[in-house]
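One structure below.
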Amino acid sequence: MKKILITGALGQIGSELTVKMREIYGEQNVIATDIRQSDHEITQSGPFELLDVTDAKKMFDIAKRYDVDTIIHLAALLSATAEAKPLIAWNLNMGGLVNALEVARELRCQFFTPSSIGAFGPTTPKDHTPQDTIQRPTTMYGVNKVAGELLCDYYYYKFAVDTRGLRFPGLISYVTPPGGGTTDYAVEIYYEAIKKGAYTSYIAKGTYMDMMYMPDALNAILTLMEADASKLKHRNAFNVTAMSVEPEDIAKAIRKHIPEFKLNYEVDPVRQRIAESWPNSIDATAAKEEWGFKVEYDIEKMTKDMLMKLKQKKSLVG
């Protein structure tokens, strides 16, 4: 990776991955794009271009102008938002992906886009979900992700595009606020613990889902992209995870630092239905064996770091 184009650079993953990649590969070698302008440091610390990923010509022109050799395609609508706006989600998530893959094909770029545990469905084995298993999701987001995995496989086999991807669990971060995902409660709970000492969960007690702290997610992307291509068997849909938790597990970890923290419940039927269609825990053996996937943060270490970092944010002081 020498010249990298990132779509959705101001989103949950992009806002941190762009900064990290600029530190590693050089500020001028990572071109950030997003559909909106912002005063975020990303727009100031290196090249930034406004881009609607459904505009195929503009995407190609930007990639060509900067002579990119790698595309990190992150622009998408997340699960809960996609379920509320399914046709918009299809047009953005699939149209944007096809455009990005076409640019990668024409310019011979290495390519990454994330998949998700949303690619699984209610008939998928719930515990220790295998790398290769039945995928019949019941959400538009899930349908997009399964189609995306297959499409990336197709571009690899048909056009020899070096496509790579990860099935991310819920991602937890102190940098970017939640953005419409089903697992966002696991981010919100930390914000509310600092602000109010209490949180009302829209996900029911006892609902297990896989989670990962953002630093581990970023390292997973970088490690996969730098991995020896000849050792990759699955390429576009590696299961990765750091922990399988339910709301009470996070509350218990928070109480070690904020003893008075209270957790209440007001279940959102839509997001609960989505959560129940996903695995309780997934098996990341293939990622470990094929490219050395590993994580640093468990729930205790993540909670300590999240609370410390959130307390430092000026917007939450006082």
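Chain identifiers are assigned as A, B, and so on, following the order in which chains appear in the structure tokens; residues are numbered from 1 within each chain, and ligands are numbered from 1 in order of appearance.
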
task: Among the residues of region 76-300 of chain A, find those DSSP assigns to alpha helix (DSSP H) from the backbone and print them as a VMD selection string.
output: chain A and resid 79 to 84 86 to 107 140 to 159 185 to 195 214 to 226 247 to 255 269 to 276 285 to 291 299 to 300

Hey, can you spit out that residue selection with C-alpha atoms as a compact mmCIF listing (two decimals), in the first residue's frame?
```
# COMPACT_ATOMS: atom_id res chain seq x y z
CA SER A 79 -28.03 -2.15 10.11
CA ALA A 80 -30.80 -0.27 11.95
CA THR A 81 -30.71 2.67 9.52
CA ALA A 82 -30.71 0.33 6.55
CA GLU A 83 -33.76 -1.49 7.89
CA ALA A 84 -35.63 1.81 8.15
CA PRO A 86 -34.10 -0.45 2.71
CA LEU A 87 -34.14 0.87 -0.86
CA ILE A 88 -31.77 3.71 -0.03
CA ALA A 89 -29.54 1.16 1.71
CA TRP A 90 -29.51 -1.11 -1.33
CA ASN A 91 -28.66 1.72 -3.71
CA LEU A 92 -25.91 3.10 -1.49
CA ASN A 93 -24.43 -0.10 -0.10
CA MET A 94 -24.49 -2.13 -3.31
CA GLY A 95 -24.18 0.68 -5.85
CA GLY A 96 -21.24 2.19 -3.99
CA LEU A 97 -19.55 -1.19 -3.67
CA VAL A 98 -19.86 -1.99 -7.37
CA ASN A 99 -18.45 1.42 -8.25
CA ALA A 100 -15.49 0.95 -5.90
CA LEU A 101 -14.80 -2.55 -7.23
CA GLU A 102 -14.90 -1.26 -10.80
CA VAL A 103 -12.36 1.43 -9.97
CA ALA A 104 -10.16 -1.22 -8.32
CA ARG A 105 -10.48 -3.40 -11.44
CA GLU A 106 -9.66 -0.63 -13.88
CA LEU A 107 -6.72 0.76 -11.89
CA MET A 140 -31.54 -5.52 4.15
CA TYR A 141 -28.15 -4.81 5.74
CA GLY A 142 -27.49 -8.53 5.99
CA VAL A 143 -28.56 -9.12 2.40
CA ASN A 144 -26.17 -6.32 1.33
CA LYS A 145 -23.31 -7.90 3.26
CA VAL A 146 -23.80 -11.41 1.87
CA ALA A 147 -24.10 -10.01 -1.65
CA GLY A 148 -21.00 -7.90 -1.00
CA GLU A 149 -18.97 -10.91 0.12
CA LEU A 150 -19.96 -12.81 -3.01
CA LEU A 151 -19.34 -9.82 -5.26
CA CYS A 152 -15.83 -9.34 -3.87
CA ASP A 153 -15.16 -13.04 -4.39
CA TYR A 154 -16.39 -12.67 -7.97
CA TYR A 155 -14.06 -9.73 -8.69
CA TYR A 156 -11.16 -11.75 -7.32
CA TYR A 157 -11.87 -14.88 -9.37
CA LYS A 158 -13.10 -13.12 -12.51
CA PHE A 159 -10.81 -10.08 -12.69
CA TYR A 185 -25.87 0.22 22.66
CA ALA A 186 -22.41 -1.05 23.57
CA VAL A 187 -21.00 2.36 22.68
CA GLU A 188 -23.83 4.47 24.09
CA ILE A 189 -23.68 2.73 27.46
CA TYR A 190 -20.20 4.13 28.11
CA TYR A 191 -21.16 7.68 27.10
CA GLU A 192 -24.21 7.59 29.36
CA ALA A 193 -22.24 6.05 32.22
CA ILE A 194 -20.00 9.11 32.21
CA LYS A 195 -22.77 11.66 31.62
CA MET A 214 -11.78 -0.21 17.71
CA PRO A 215 -7.97 -0.38 18.15
CA ASP A 216 -8.18 -4.14 17.57
CA ALA A 217 -10.42 -3.62 14.53
CA LEU A 218 -7.96 -1.18 12.97
CA ASN A 219 -5.04 -3.53 13.57
CA ALA A 220 -7.03 -6.36 11.99
CA ILE A 221 -7.56 -4.34 8.80
CA LEU A 222 -3.89 -3.38 8.56
CA THR A 223 -2.66 -6.90 9.29
CA LEU A 224 -4.99 -8.44 6.71
CA MET A 225 -4.06 -5.91 4.04
CA GLU A 226 -0.34 -6.56 4.58
CA PRO A 247 -25.71 -5.74 28.32
CA GLU A 248 -25.27 -6.95 31.90
CA ASP A 249 -21.65 -7.95 31.18
CA ILE A 250 -20.79 -4.41 30.13
CA ALA A 251 -22.67 -2.94 33.10
CA LYS A 252 -20.74 -5.19 35.46
CA ALA A 253 -17.43 -4.06 33.95
CA ILE A 254 -18.47 -0.40 34.23
CA ARG A 255 -19.43 -0.78 37.90
CA PRO A 269 -38.48 -4.39 18.84
CA VAL A 270 -36.76 -3.68 15.50
CA ARG A 271 -33.20 -3.72 16.79
CA GLN A 272 -33.96 -6.59 19.16
CA ARG A 273 -35.24 -8.68 16.26
CA ILE A 274 -32.07 -7.92 14.32
CA ALA A 275 -29.89 -8.81 17.31
CA GLU A 276 -31.67 -12.11 17.85
CA THR A 285 -9.99 -19.72 13.72
CA ALA A 286 -9.58 -19.12 9.97
CA ALA A 287 -8.38 -15.54 10.51
CA LYS A 288 -5.88 -16.71 13.14
CA GLU A 289 -4.52 -19.48 10.95
CA GLU A 290 -4.40 -17.66 7.60
CA TRP A 291 -3.00 -14.25 8.59
CA ILE A 299 -14.03 -6.43 28.13
CA GLU A 300 -12.18 -5.38 31.28
```

message: Quick one: residues within 9 Å of Gly179 (chain A), only C-alpha atoms, excluding same-chain residues fewer than 6 positions away - as a PyMOL selection string?
response: chain A and resi 11-12+77-78+81

Write a file of the just-selected residues containing C-alpha atoms, as a PDB file, in the first residue's frame.
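Output saved as selection.pdb:
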```pdb
ATOM      1  CA  GLY A  11     -17.603   7.459   9.637  1.00  0.00           C
ATOM      2  CA  GLN A  12     -17.086   5.212  12.652  1.00  0.00           C
ATOM      3  CA  LEU A  77     -25.687   2.622   5.805  1.00  0.00           C
ATOM      4  CA  LEU A  78     -25.562   0.503   8.978  1.00  0.00           C
ATOM      5  CA  THR A  81     -30.714   2.667   9.517  1.00  0.00           C
TER       6      THR A  81
END
```

Give me the residues within 6 Å of region 256-263 of chain A as a compact mmCIF listing (two decimals) with C-alpha atoms, in the first residue's frame, counting only C-alpha atoms and dropping any in the same chain fewer than 4 places off.
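Dumped to selection.txt:
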```
# COMPACT_ATOMS: atom_id res chain seq x y z
CA GLY A 197 -24.40 7.28 35.69
CA ALA A 198 -27.24 5.30 34.09
CA TYR A 199 -28.29 3.87 30.74
CA THR A 200 -31.51 2.49 29.26
```

- prompt: Distance CA of Gln135 (chain A)-CA of Arg235 (chain A), one decimal place?
  reply: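 Value for the CA of Gln135 (chain A)-CA of Arg235 (chain A) distance: 16.9 Å.
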